[in-house]
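Asks: This is the content of protein.cif (mmCIF, C-alpha atoms):
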data_model
#
loop_
_atom_site.label_atom_id
_atom_site.label_comp_id
_atom_site.auth_asym_id
_atom_site.auth_seq_id
_atom_site.Cartn_x
_atom_site.Cartn_y
_atom_site.Cartn_z
CA MET A 752 79.23 -60.94 -6.25
CA CYS A 753 76.87 -59.00 -4.05
CA ASN A 754 78.95 -56.50 -2.11
CA HIS A 755 76.31 -53.84 -1.58
CA TYR A 756 72.80 -54.02 -0.16
CA ARG A 757 70.27 -51.99 1.80
CA SER A 758 68.65 -52.79 5.11
CA ASP A 759 66.32 -49.83 5.60
CA PRO A 760 66.17 -48.91 9.31
CA ASP A 761 62.58 -47.65 9.07
CA LYS A 762 61.42 -51.08 7.84
CA LEU A 763 63.63 -53.21 10.07
CA SER A 764 61.69 -53.01 13.34
CA THR A 765 58.41 -53.77 11.55
CA TRP A 766 59.99 -56.80 9.87
CA ALA A 767 61.46 -58.05 13.15
CA GLU A 768 58.13 -57.67 14.92
CA TYR A 769 56.29 -59.43 12.08
CA ALA A 770 58.77 -62.32 12.12
CA GLY A 771 58.73 -62.55 15.92
CA PHE A 772 62.33 -61.53 16.64
CA LYS A 773 63.49 -59.57 19.68
CA LEU A 774 65.09 -56.20 19.02
CA ARG A 775 68.36 -56.59 20.92
CA ALA A 776 70.44 -54.02 19.06
CA ASP A 777 70.76 -50.82 21.07
CA ARG A 778 72.05 -48.65 18.22
CA GLN A 779 71.09 -47.77 14.69
CA VAL A 780 73.33 -48.51 11.73
CA ASP A 781 73.43 -46.96 8.27
CA GLY A 782 70.93 -48.68 5.99
CA ASP A 783 73.42 -48.65 3.10
CA ILE A 784 75.61 -51.71 3.72
CA TRP A 785 79.10 -52.25 2.31
CA PRO A 786 81.83 -54.80 3.25
CA LYS A 787 83.51 -54.29 6.66
CA ARG A 788 80.61 -52.11 7.88
CA GLU A 789 78.19 -52.97 10.66
CA ALA A 790 74.82 -54.41 9.70
CA PRO A 791 71.82 -56.00 11.43
CA VAL A 792 71.51 -59.79 11.61
CA VAL A 793 69.18 -62.16 13.45
CA ARG A 794 70.86 -64.93 15.45
CA ALA A 795 70.09 -67.02 18.50
CA VAL A 796 70.89 -65.19 21.74
CA ASP A 797 70.33 -67.39 24.81
CA GLY A 798 68.20 -69.61 22.61
CA VAL A 799 65.96 -66.78 21.41
CA PRO A 800 66.25 -65.28 17.89
CA ALA A 801 67.21 -61.64 18.33
CA LEU A 802 68.27 -58.75 16.11
CA ASP A 803 71.93 -57.85 16.66
CA ILE A 804 74.68 -55.80 14.96
CA LEU A 805 77.75 -57.50 13.41
CA LYS A 806 80.38 -56.58 10.82
CA TRP A 807 79.97 -57.81 7.24
CA GLY A 808 82.98 -59.81 6.07
CA VAL A 809 84.78 -62.79 7.62
CA PRO A 810 88.54 -62.15 7.73
CA THR A 811 90.78 -64.83 6.21
CA THR A 812 94.38 -64.85 4.97
CA VAL A 813 95.26 -65.68 1.38
CA PRO A 814 98.65 -66.00 -0.34
CA GLY A 815 100.10 -62.68 -1.45
CA LYS A 816 101.56 -61.90 -4.87
CA ARG A 817 105.12 -62.27 -3.60
CA PRO A 818 106.24 -65.72 -2.41
CA GLY A 819 105.91 -66.19 1.34
CA THR A 820 103.57 -63.24 1.83
CA LYS A 821 99.96 -63.27 2.96
CA LEU A 822 97.08 -60.85 2.55
CA LYS A 823 94.06 -60.34 4.75
CA LYS A 824 90.76 -60.66 2.91
CA HIS A 825 87.21 -60.10 4.17
CA VAL A 826 84.88 -62.71 2.67
CA THR A 827 81.33 -61.43 2.29
CA ASN A 828 79.83 -64.12 -0.01
CA VAL A 829 80.17 -67.87 0.66
CA ARG A 830 79.90 -70.21 -2.32
CA ASN A 831 82.13 -73.20 -1.51
CA LEU A 832 79.96 -74.95 1.07
CA ALA A 833 82.24 -78.02 1.04
CA SER A 834 85.14 -76.02 2.50
CA PRO A 835 85.87 -77.17 6.08
CA PHE A 836 86.16 -73.50 7.13
CA TRP A 837 82.54 -72.73 6.18
CA ARG A 838 81.20 -76.23 6.76
CA SER A 839 82.07 -76.07 10.46
CA MET A 840 79.95 -72.93 10.83
CA LEU A 841 77.08 -74.35 8.80
CA ALA A 842 77.10 -77.49 10.95
CA ASN A 843 76.47 -75.42 14.09
CA PRO A 844 72.96 -73.89 14.08
CA ALA A 845 74.09 -71.33 16.66
CA GLN A 846 76.44 -69.87 14.03
CA ARG A 847 73.75 -69.39 11.41
CA CYS A 848 71.95 -66.08 11.07
CA LEU A 849 69.43 -64.22 8.98
CA VAL A 850 70.63 -61.10 7.19
CA PRO A 851 67.67 -58.75 6.62
CA PHE A 852 67.69 -56.67 3.46
CA SER A 853 65.30 -54.44 1.56
CA ARG A 854 67.18 -54.76 -1.75
CA PHE A 855 70.58 -55.88 -3.01
CA ALA A 856 72.84 -54.71 -5.82
CA GLU A 857 74.82 -56.49 -8.50
CA PRO A 858 77.28 -54.50 -10.61
CA VAL A 859 76.53 -53.80 -14.25
CA ILE A 860 79.05 -55.77 -16.30
CA GLY A 861 81.39 -53.21 -17.84
CA GLY A 862 79.30 -50.43 -16.35
CA GLY A 863 81.75 -48.86 -13.92
CA ARG A 864 79.90 -48.06 -10.70
CA ALA A 865 76.43 -48.68 -12.14
CA GLU A 866 74.33 -51.32 -10.36
CA HIS A 867 71.20 -53.37 -10.87
CA TRP A 868 68.98 -53.42 -7.75
CA PHE A 869 66.94 -56.51 -6.86
CA SER A 870 64.12 -56.77 -4.34
CA ILE A 871 61.29 -59.12 -3.35
CA VAL A 872 57.79 -58.50 -4.69
CA ASP A 873 55.23 -57.54 -2.01
CA ARG A 874 57.85 -57.67 0.78
CA PRO A 875 59.50 -54.54 2.18
CA MET A 876 62.18 -56.76 3.79
CA ALA A 877 63.50 -60.29 3.26
CA ALA A 878 66.52 -62.23 4.55
CA PHE A 879 69.69 -63.82 3.21
CA ALA A 880 70.98 -67.10 4.68
CA GLY A 881 73.98 -66.00 6.75
CA ILE A 882 76.67 -67.46 8.98
CA TRP A 883 78.67 -65.67 11.66
CA ARG A 884 81.70 -66.20 13.89
CA PRO A 885 83.91 -64.36 16.40
CA SER A 886 87.12 -62.95 14.94
CA GLU A 887 89.97 -60.59 15.77
CA ASP A 888 87.79 -57.90 14.17
CA GLY A 889 84.86 -58.69 16.48
CA GLU A 890 81.80 -60.72 15.55
CA VAL A 891 81.49 -60.95 11.77
CA PHE A 892 79.16 -62.50 9.21
CA ALA A 893 78.86 -63.49 5.56
CA PHE A 894 75.98 -64.87 3.56
CA LEU A 895 75.62 -67.79 1.18
CA THR A 896 75.41 -67.53 -2.60
CA CYS A 897 74.11 -69.96 -5.21
CA GLU A 898 73.44 -70.29 -8.94
CA PRO A 899 71.41 -67.28 -10.13
CA ASN A 900 67.76 -67.60 -11.09
CA SER A 901 66.38 -66.59 -14.50
CA LEU A 902 65.92 -62.94 -13.43
CA VAL A 903 69.43 -62.45 -12.06
CA ALA A 904 71.41 -64.64 -14.49
CA PRO A 905 71.18 -62.40 -17.59
CA LEU A 906 72.49 -59.47 -15.54
CA HIS A 907 74.88 -61.27 -13.21
CA PRO A 908 75.60 -64.84 -14.36
CA LYS A 909 78.08 -65.85 -11.63
CA ALA A 910 75.88 -66.10 -8.54
CA MET A 911 73.17 -64.56 -6.39
CA PRO A 912 72.61 -64.43 -2.61
CA VAL A 913 70.66 -67.27 -1.01
CA ILE A 914 67.32 -65.69 -0.06
CA LEU A 915 65.15 -67.56 2.42
CA ALA A 916 61.38 -67.90 2.31
CA GLU A 917 59.81 -66.76 5.58
CA ASP A 918 58.63 -70.33 6.27
CA ASP A 919 62.29 -71.43 6.22
CA TYR A 920 63.67 -68.97 8.78
CA GLU A 921 63.32 -71.39 11.68
CA ALA A 922 64.80 -74.28 9.72
CA TRP A 923 67.82 -72.16 8.82
CA LEU A 924 68.40 -71.05 12.42
CA THR A 925 67.78 -74.41 14.12
CA GLY A 926 67.72 -77.25 11.57
CA SER A 927 70.24 -79.98 10.78
CA THR A 928 73.19 -79.40 8.48
CA ASP A 929 71.50 -81.28 5.65
CA ARG A 930 68.30 -79.25 6.09
CA ALA A 931 70.28 -76.00 6.03
CA LEU A 932 72.26 -77.01 2.94
CA GLY A 933 69.00 -77.91 1.20
CA LEU A 934 67.92 -74.27 1.52
CA ALA A 935 70.96 -73.01 -0.41
CA GLN A 936 69.16 -72.57 -3.72
CA ALA A 937 67.95 -69.74 -5.92
CA PHE A 938 64.86 -67.81 -4.83
CA PRO A 939 61.98 -68.02 -7.36
CA SER A 940 62.49 -65.39 -10.05
CA GLN A 941 58.75 -64.64 -10.32
CA LEU A 942 58.81 -63.38 -6.72
CA MET A 943 61.53 -60.84 -7.47
CA ARG A 944 61.88 -57.61 -9.42
CA VAL A 945 64.84 -55.65 -10.73
CA GLU A 946 65.47 -51.93 -11.11
CA SER A 947 67.99 -51.45 -13.89
CA PRO A 948 70.22 -48.37 -14.00
CA SER A 949 68.78 -45.47 -15.97
#
Would you mind writing the file out in structure tokens?

Replies:
Amino acid sequence: MCNHYRSDPDKLSTWAEYAGFKLRADRQVDGDIWPKREAPVVRAVDGVPALDILKWGVPTTVPGKRPGTKLKKHVTNVRNLASPFWRSMLANPAQRCLVPFSRFAEPVIGGGRAEHWFSIVDRPMAAFAGIWRPSEDGEVFAFLTCEPNSLVAPLHPKAMPVILAEDDYEAWLTGSTDRALGLAQAFPSQLMRVESPS
């Protein structure tokens, strides 16, 4: 699953201005994003879409290896949209967000730390379909995943992030549950490119 992406700070303000979002965040974050780190998202603030800073990874508890024990896990990628835990967030437009990225990585199968990097053709920034919530770790987010398209599948057959077309940003942030779920599909492969490890 995608557990590494870039959100280049030098491109972020231009993207936000182009898309018509307020710049609410008062601090810069590292453009290299890993789980449990802070990252920029766009969410409704007082009814206005604004750029904010949240932590990547929604904390949940899962059964431990020993009977009766539990482990804390930070979920970064959401696939099971029928789960009541995620469904309740998806049903509330105020808990949906856009996660801006310049490119995202998928690990090379059997390649150690090597990664394939994917980006959108002719777009310096794009956005994943995200959801957020308050937690004991502060305000946190994750983004949706779906079946991979024909570009991603040969390199990472399990899943790919849900990438939104710019015309669908408003529908994701304000639309009905059914409308939002309808957007959870693979981005067209012909609009993407991949940089394979050398």

Asks: Would you mind telling me which residue in A:Leu924, A:Val809, A:Ala833, A:Val945 lies nearest to A:Arg847 when using only C-alpha atoms?

Replies: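 Checking each candidate against A:Arg847, we get A:Leu924 as the closest.
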
Asks: At a cut-off of 7 Å, can you tabulate as a tab-separated table every residue of stretch 789-886 of chain A near stretch 752-766 of chain A together with its closest atom pair and the distance in Å to one decimal, using only C-alpha atoms and ordering rows by chain then number?

Replies:
residue	atom	partner	partner_atom	distance
A:Pro851	CA	A:Ser758	CA	6.2
A:Phe852	CA	A:Ser758	CA	4.3
A:Ser853	CA	A:Ser758	CA	5.2
A:Arg854	CA	A:Arg757	CA	5.5
A:Phe855	CA	A:Tyr756	CA	4.1
A:Ala856	CA	A:His755	CA	5.5
A:Glu857	CA	A:Cys753	CA	5.5
A:Pro875	CA	A:Lys762	CA	6.9
A:Met876	CA	A:Trp766	CA	6.5

Asks: Could you work out how far atom CA of A:Ile882 lies from atom CA of A:Pro844, giving the answer in Å with one decimal?

Replies: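 Between atom CA of A:Pro844 and atom CA of A:Ile882 the gap works out to 9.0 Å.
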
Asks: Name the closest residue to A:Ala931 among the candidates A:Ala893, A:Asp888, A:Asn843, A:Asn900; distances are taken between atoms, counting only C-alpha atoms.

Replies: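 Among A:Ala893, A:Asp888, A:Asn843, A:Asn900, it is A:Asn843 that comes nearest to A:Ala931.
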
Asks: Which residue out of A:Cys848, A:Leu906, A:Val796, A:Ala767 has the minimum interatomic distance to A:Val891 when all atoms listed in the file are used?

Replies: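 Counting all atoms listed in the file, the residue closest to A:Val891 is A:Cys848.
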
Asks: Evaluate the PyMOL selection byres ((chain A and resi 902) around 10) on the structure here and hand back the selected residues as a ChimeraX atom specification.

Replies: /A:869,899-901,903-908,938-945

Asks: Between atom CA of A:Asp783 and atom CA of A:Ile860, measure the distance and give it in Å to one decimal.

Replies: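 Calculated distance between atom CA of A:Asp783 and atom CA of A:Ile860 is 21.4 Å.
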
Asks: Could you tell me which residues the PyMOL selection byres ((chain A and resi 884) around 12) returns for this structure, as an mmCIF file with C-alpha atoms, keeping the file's coordinate frame?

Replies:
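So selection36.cif came out as:
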data_model
loop_
_atom_site.group_PDB
_atom_site.id
_atom_site.type_symbol
_atom_site.label_atom_id
_atom_site.label_comp_id
_atom_site.auth_asym_id
_atom_site.auth_seq_id
_atom_site.Cartn_x
_atom_site.Cartn_y
_atom_site.Cartn_z
ATOM 1 C CA ARG A 794 70.860 -64.930 15.450
ATOM 2 C CA LEU A 805 77.750 -57.500 13.410
ATOM 3 C CA LYS A 806 80.380 -56.580 10.820
ATOM 4 C CA TRP A 807 79.970 -57.810 7.240
ATOM 5 C CA GLY A 808 82.980 -59.810 6.070
ATOM 6 C CA VAL A 809 84.780 -62.790 7.620
ATOM 7 C CA PRO A 810 88.540 -62.150 7.730
ATOM 8 C CA THR A 811 90.780 -64.830 6.210
ATOM 9 C CA PHE A 836 86.160 -73.500 7.130
ATOM 10 C CA TRP A 837 82.540 -72.730 6.180
ATOM 11 C CA SER A 839 82.070 -76.070 10.460
ATOM 12 C CA MET A 840 79.950 -72.930 10.830
ATOM 13 C CA LEU A 841 77.080 -74.350 8.800
ATOM 14 C CA ASN A 843 76.470 -75.420 14.090
ATOM 15 C CA PRO A 844 72.960 -73.890 14.080
ATOM 16 C CA ALA A 845 74.090 -71.330 16.660
ATOM 17 C CA GLN A 846 76.440 -69.870 14.030
ATOM 18 C CA ARG A 847 73.750 -69.390 11.410
ATOM 19 C CA CYS A 848 71.950 -66.080 11.070
ATOM 20 C CA GLY A 881 73.980 -66.000 6.750
ATOM 21 C CA ILE A 882 76.670 -67.460 8.980
ATOM 22 C CA TRP A 883 78.670 -65.670 11.660
ATOM 23 C CA PRO A 885 83.910 -64.360 16.400
ATOM 24 C CA SER A 886 87.120 -62.950 14.940
ATOM 25 C CA GLU A 887 89.970 -60.590 15.770
ATOM 26 C CA ASP A 888 87.790 -57.900 14.170
ATOM 27 C CA GLY A 889 84.860 -58.690 16.480
ATOM 28 C CA GLU A 890 81.800 -60.720 15.550
ATOM 29 C CA VAL A 891 81.490 -60.950 11.770
ATOM 30 C CA PHE A 892 79.160 -62.500 9.210
ATOM 31 C CA ALA A 893 78.860 -63.490 5.560
ATOM 32 C CA PHE A 894 75.980 -64.870 3.560
#

Asks: Which is closer to A:Leu849 than all the others in A:Pro791, A:Gly933, A:Gly815, A:Pro912, using all atoms listed in the file?

Replies: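 Among the listed residues, A:Pro791 lies closest to A:Leu849.
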
Asks: Could you list, as a list of chain:residue names, every residue matched by the PyMOL selection byres ((chain A and resi 865) around 12) in this structure?

Replies: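 Applying the PyMOL selection byres ((chain A and resi 865) around 12) to the structure shown produces A:His755, A:Ala856, A:Glu857, A:Pro858, A:Val859, A:Ile860, A:Gly861, A:Gly862, A:Gly863, A:Arg864, A:Glu866, A:His867, A:Trp868, A:Leu906, A:Glu946, A:Ser947, A:Pro948, A:Ser949.
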
Asks: Counting all atoms listed in the file, which of A:Leu915, A:Val799, A:Gly819, A:Lys824 gets nearest to A:Lys787?

Replies: A:Lys824

Asks: Interatomic distance between atom CA of A:Asn828 and atom CA of A:Ile914?

Replies: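 These atoms are spaced 12.6 Å apart.
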
Asks: Counting all atoms listed in the file, note down every residue that has an atom within 10 Å of the point (97.2, -67.5, 10.5) (file coordinates), as a list in words.

Replies: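 All residues meeting the 10 Å criterion around (97.2, -67.5, 10.5) are Thr811, Thr812, Val813, Lys821 and Lys823 of chain A.
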
Asks: Rank nothing, just name the residue among A:Glu921, A:Ala916, A:Ala910, A:Ala795 nearest to A:Glu898, using all atoms listed in the file.

Replies: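 Of the candidates, the smallest distance to A:Glu898 is held by A:Ala910.
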